[in-house]
Amino acid sequence: MQFRLFFLAGVIEVCCCYLVFLGDLQHQIPQMWAGVFPAFLCYVLAAYLVLRRDAPPERLHLILGAALVFRLTLWWSPATLSDDIFRYVWDGRVQLAGINPYLYAPSAPQVAHLRDALYQSVNHAAIPTIYPPLAQLFFRAICMISATPAAFKLALLLCDWALCLLLAHSLVRRDQDPRRVVLYAWNPLPLIEVAGSGHIDALGVLLLFAALYSLHSQRWAVAVCGLAGAFLVKLVPLALLPSFWRRPRTSWFNFRQRGALLLFPTLGLLAFWPFADAGEKLATGLVTYVQHWHFNAAAYSLFRFALQPWDGHAYAHARWLCTALFALIALGVQIRYRDPY
């Protein structure tokens with residue numbers, strides 16, 4: 001099986017090189033799919049080889065090493081499917097100039113002196129930043145090293161590969177086959193979205209999984225810190241906070257577990273403190289995002305379509321319905337929580 005897995009990794013790498021060769025993927029969607037489809041097919045075959053019951057032993061380092069090679073290859077691809085990374089660089093540069101990124105939109109005259117060729121690629125220049133404070137501190141840290149999209153992509157792909165390592169180690173601790181990490185490590189979607197486009201989600205997911213990993217080990221303080229960090233990068237992980245209050249097996253009140261939850265608001269306040277001078281403007285960009293932006297919105301589009309004939313504010317009510325549905329699903333999952341391992 002090792003030769004077959006090596007061959008599949010080689011085909012995926014060729015597909016990654018092809019995507020790099022294409023350059024601007026946004027204007028070459030059919031050609032992009034010509035590279036993504038065979039990569040996905042090889043990914044499925046690799047998963048089959050690893051997951052089948054009679055699979056012979058395989059070296060984990062081949063899977064993890066290939067995963068790193070794929071990511072480093074796509075690092076050379078320009079970020080054309082998304083322009084988010086240019087906003088990351090802008091926010092980091094604004095902070096290095098001693099300016100709060102929540103105060104001014106990139107188009108504001110107060111930051112006109114910071115504009116250069118990068119400014120032309122910054123998305124939604126009329127709106128202040130929407131990214132939470134830990135993401136902002138990450139932007140600043142990377143800009144202190146190199147204020148370029150390439151530096152951000154490198155840092156984020158390393159976060160993504162670190163997640164692969166942590167996933168493999170978690171599988172070992174749960175007496176599972178660590179080669180199952182191939183399901184994520186070779187998946188073309190994170191390869192393109194993180195190594196290719198440089199999305200900040202890689203940092204948020206790494207912190208979130210670190211929190212769940214620590215929760216399984218009953219290291220409550222580390223787990224809460226990880227969850228707080230994930231929330232301060234992407235906000236959505238807040239929905240998992242009730243999971244950290246579930247009843248311990250030892251007793252109803254476990255001071256280490258319950259007391260550790262105090263770290264969540266404490267870390268939140270500490271993260272927001274450097275940006276507190278923005279006041280209510282801290283939420284300006286986020287409120288605009290919630291009110292007006294949507295993309296690939298399946299459930300939202302269905303709700304809005306159903307409400308439009310009789311509701312003049314269908315777009316707003318559809319958002320609230322989606323929010324309520326998400327909250328109910330999150331609550332239901334946590335009430336019925338059962339670790340499958």
# chains A, B, ... in the order shown; residues from 1 in each chain; ligands from 1
$ select_by_dssp --residues "region 148-209 of chain A" --states "alpha helix (DSSP H)" --output "PyMOL selection string"
chain A and resi 149-173+182-185+188-190+201-209
$ write_last_selection --atoms "N, CA and C atoms" --output "short mmCIF file (atom, residue, chain, number, x, y, z; two decimals), in the first residue's frame"
data_model
loop_
_atom_site.label_atom_id
_atom_site.label_comp_id
_atom_site.auth_asym_id
_atom_site.auth_seq_id
_atom_site.Cartn_x
_atom_site.Cartn_y
_atom_site.Cartn_z
N PRO A 149 1.53 39.50 2.11
CA PRO A 149 0.63 38.35 2.07
C PRO A 149 1.37 37.02 2.17
N ALA A 150 2.57 36.94 1.60
CA ALA A 150 3.34 35.70 1.64
C ALA A 150 3.67 35.30 3.08
N ALA A 151 4.02 36.26 3.92
CA ALA A 151 4.34 35.97 5.31
C ALA A 151 3.10 35.47 6.05
N PHE A 152 1.96 36.07 5.79
CA PHE A 152 0.72 35.64 6.43
C PHE A 152 0.36 34.22 5.99
N LYS A 153 0.48 33.95 4.70
CA LYS A 153 0.15 32.61 4.20
C LYS A 153 1.06 31.56 4.82
N LEU A 154 2.33 31.88 4.97
CA LEU A 154 3.27 30.93 5.56
C LEU A 154 2.90 30.64 7.01
N ALA A 155 2.60 31.69 7.78
CA ALA A 155 2.23 31.51 9.18
C ALA A 155 0.96 30.68 9.31
N LEU A 156 -0.01 30.93 8.45
CA LEU A 156 -1.29 30.23 8.54
C LEU A 156 -1.19 28.79 8.06
N LEU A 157 -0.38 28.53 7.05
CA LEU A 157 -0.23 27.14 6.61
C LEU A 157 0.51 26.32 7.67
N LEU A 158 1.40 26.96 8.42
CA LEU A 158 2.06 26.27 9.52
C LEU A 158 1.07 25.98 10.64
N CYS A 159 0.14 26.89 10.88
CA CYS A 159 -0.93 26.63 11.85
C CYS A 159 -1.75 25.43 11.39
N ASP A 160 -2.04 25.37 10.11
CA ASP A 160 -2.83 24.27 9.56
C ASP A 160 -2.09 22.95 9.67
N TRP A 161 -0.80 22.95 9.41
CA TRP A 161 -0.03 21.72 9.54
C TRP A 161 0.11 21.31 11.00
N ALA A 162 0.22 22.29 11.89
CA ALA A 162 0.25 21.98 13.32
C ALA A 162 -1.05 21.30 13.74
N LEU A 163 -2.15 21.72 13.14
CA LEU A 163 -3.43 21.06 13.41
C LEU A 163 -3.37 19.59 12.98
N CYS A 164 -2.75 19.31 11.85
CA CYS A 164 -2.60 17.93 11.40
C CYS A 164 -1.82 17.11 12.42
N LEU A 165 -0.74 17.67 12.95
CA LEU A 165 0.06 16.97 13.95
C LEU A 165 -0.75 16.71 15.21
N LEU A 166 -1.52 17.71 15.64
CA LEU A 166 -2.32 17.56 16.84
C LEU A 166 -3.43 16.54 16.63
N LEU A 167 -4.02 16.52 15.45
CA LEU A 167 -5.04 15.52 15.13
C LEU A 167 -4.47 14.11 15.22
N ALA A 168 -3.28 13.92 14.65
CA ALA A 168 -2.65 12.60 14.68
C ALA A 168 -2.36 12.17 16.11
N HIS A 169 -1.86 13.09 16.91
CA HIS A 169 -1.55 12.76 18.31
C HIS A 169 -2.82 12.47 19.09
N SER A 170 -3.88 13.20 18.79
CA SER A 170 -5.16 12.96 19.46
C SER A 170 -5.69 11.57 19.13
N LEU A 171 -5.54 11.14 17.89
CA LEU A 171 -5.99 9.80 17.49
C LEU A 171 -5.21 8.72 18.25
N VAL A 172 -3.91 8.94 18.43
CA VAL A 172 -3.10 7.98 19.18
C VAL A 172 -3.60 7.89 20.62
N ARG A 173 -3.88 9.02 21.23
CA ARG A 173 -4.34 9.04 22.62
C ARG A 173 -5.69 8.36 22.78
N VAL A 182 -5.26 11.60 7.50
CA VAL A 182 -5.29 11.85 6.06
C VAL A 182 -6.61 12.48 5.63
N LEU A 183 -7.68 12.23 6.38
CA LEU A 183 -8.99 12.78 6.03
C LEU A 183 -8.98 14.30 6.04
N TYR A 184 -8.15 14.88 6.88
CA TYR A 184 -8.01 16.34 6.89
C TYR A 184 -6.73 16.77 6.17
N ALA A 185 -5.65 16.09 6.44
CA ALA A 185 -4.33 16.55 5.98
C ALA A 185 -4.23 16.61 4.46
N PRO A 188 -8.33 18.59 -0.26
CA PRO A 188 -8.00 19.75 -1.10
C PRO A 188 -8.61 21.06 -0.61
N LEU A 189 -9.73 21.00 0.12
CA LEU A 189 -10.37 22.24 0.55
C LEU A 189 -9.49 23.06 1.49
N PRO A 190 -9.01 22.51 2.62
CA PRO A 190 -8.10 23.32 3.45
C PRO A 190 -6.79 23.64 2.76
N ASP A 201 -9.02 31.39 9.50
CA ASP A 201 -9.71 30.25 10.11
C ASP A 201 -8.72 29.20 10.61
N ALA A 202 -7.57 29.08 9.95
CA ALA A 202 -6.59 28.07 10.35
C ALA A 202 -6.15 28.27 11.79
N LEU A 203 -5.94 29.50 12.21
CA LEU A 203 -5.56 29.79 13.59
C LEU A 203 -6.71 29.49 14.53
N GLY A 204 -7.92 29.89 14.16
CA GLY A 204 -9.08 29.65 15.00
C GLY A 204 -9.35 28.17 15.20
N VAL A 205 -9.26 27.38 14.13
CA VAL A 205 -9.52 25.94 14.24
C VAL A 205 -8.43 25.26 15.06
N LEU A 206 -7.19 25.69 14.90
CA LEU A 206 -6.10 25.12 15.69
C LEU A 206 -6.35 25.35 17.18
N LEU A 207 -6.72 26.56 17.56
CA LEU A 207 -6.99 26.86 18.97
C LEU A 207 -8.21 26.10 19.47
N LEU A 208 -9.22 25.98 18.62
CA LEU A 208 -10.43 25.26 19.02
C LEU A 208 -10.13 23.79 19.25
N PHE A 209 -9.38 23.18 18.35
CA PHE A 209 -9.07 21.77 18.55
C PHE A 209 -8.15 21.57 19.74
#
$ atom_distance --atom1 "CA of Thr288 (chain A)" --atom2 "CA of Asn100 (chain A)"
18.3 Å
$ atom_distance --atom1 "CA of Ala221 (chain A)" --atom2 "CA of Pro265 (chain A)"
12.7 Å
$ closest_residue --among "A:Ser301, A:Arg52, A:Leu321, A:Ser243" --to "Arg180 (chain A)" --atoms "only C-alpha atoms"
A:Arg52
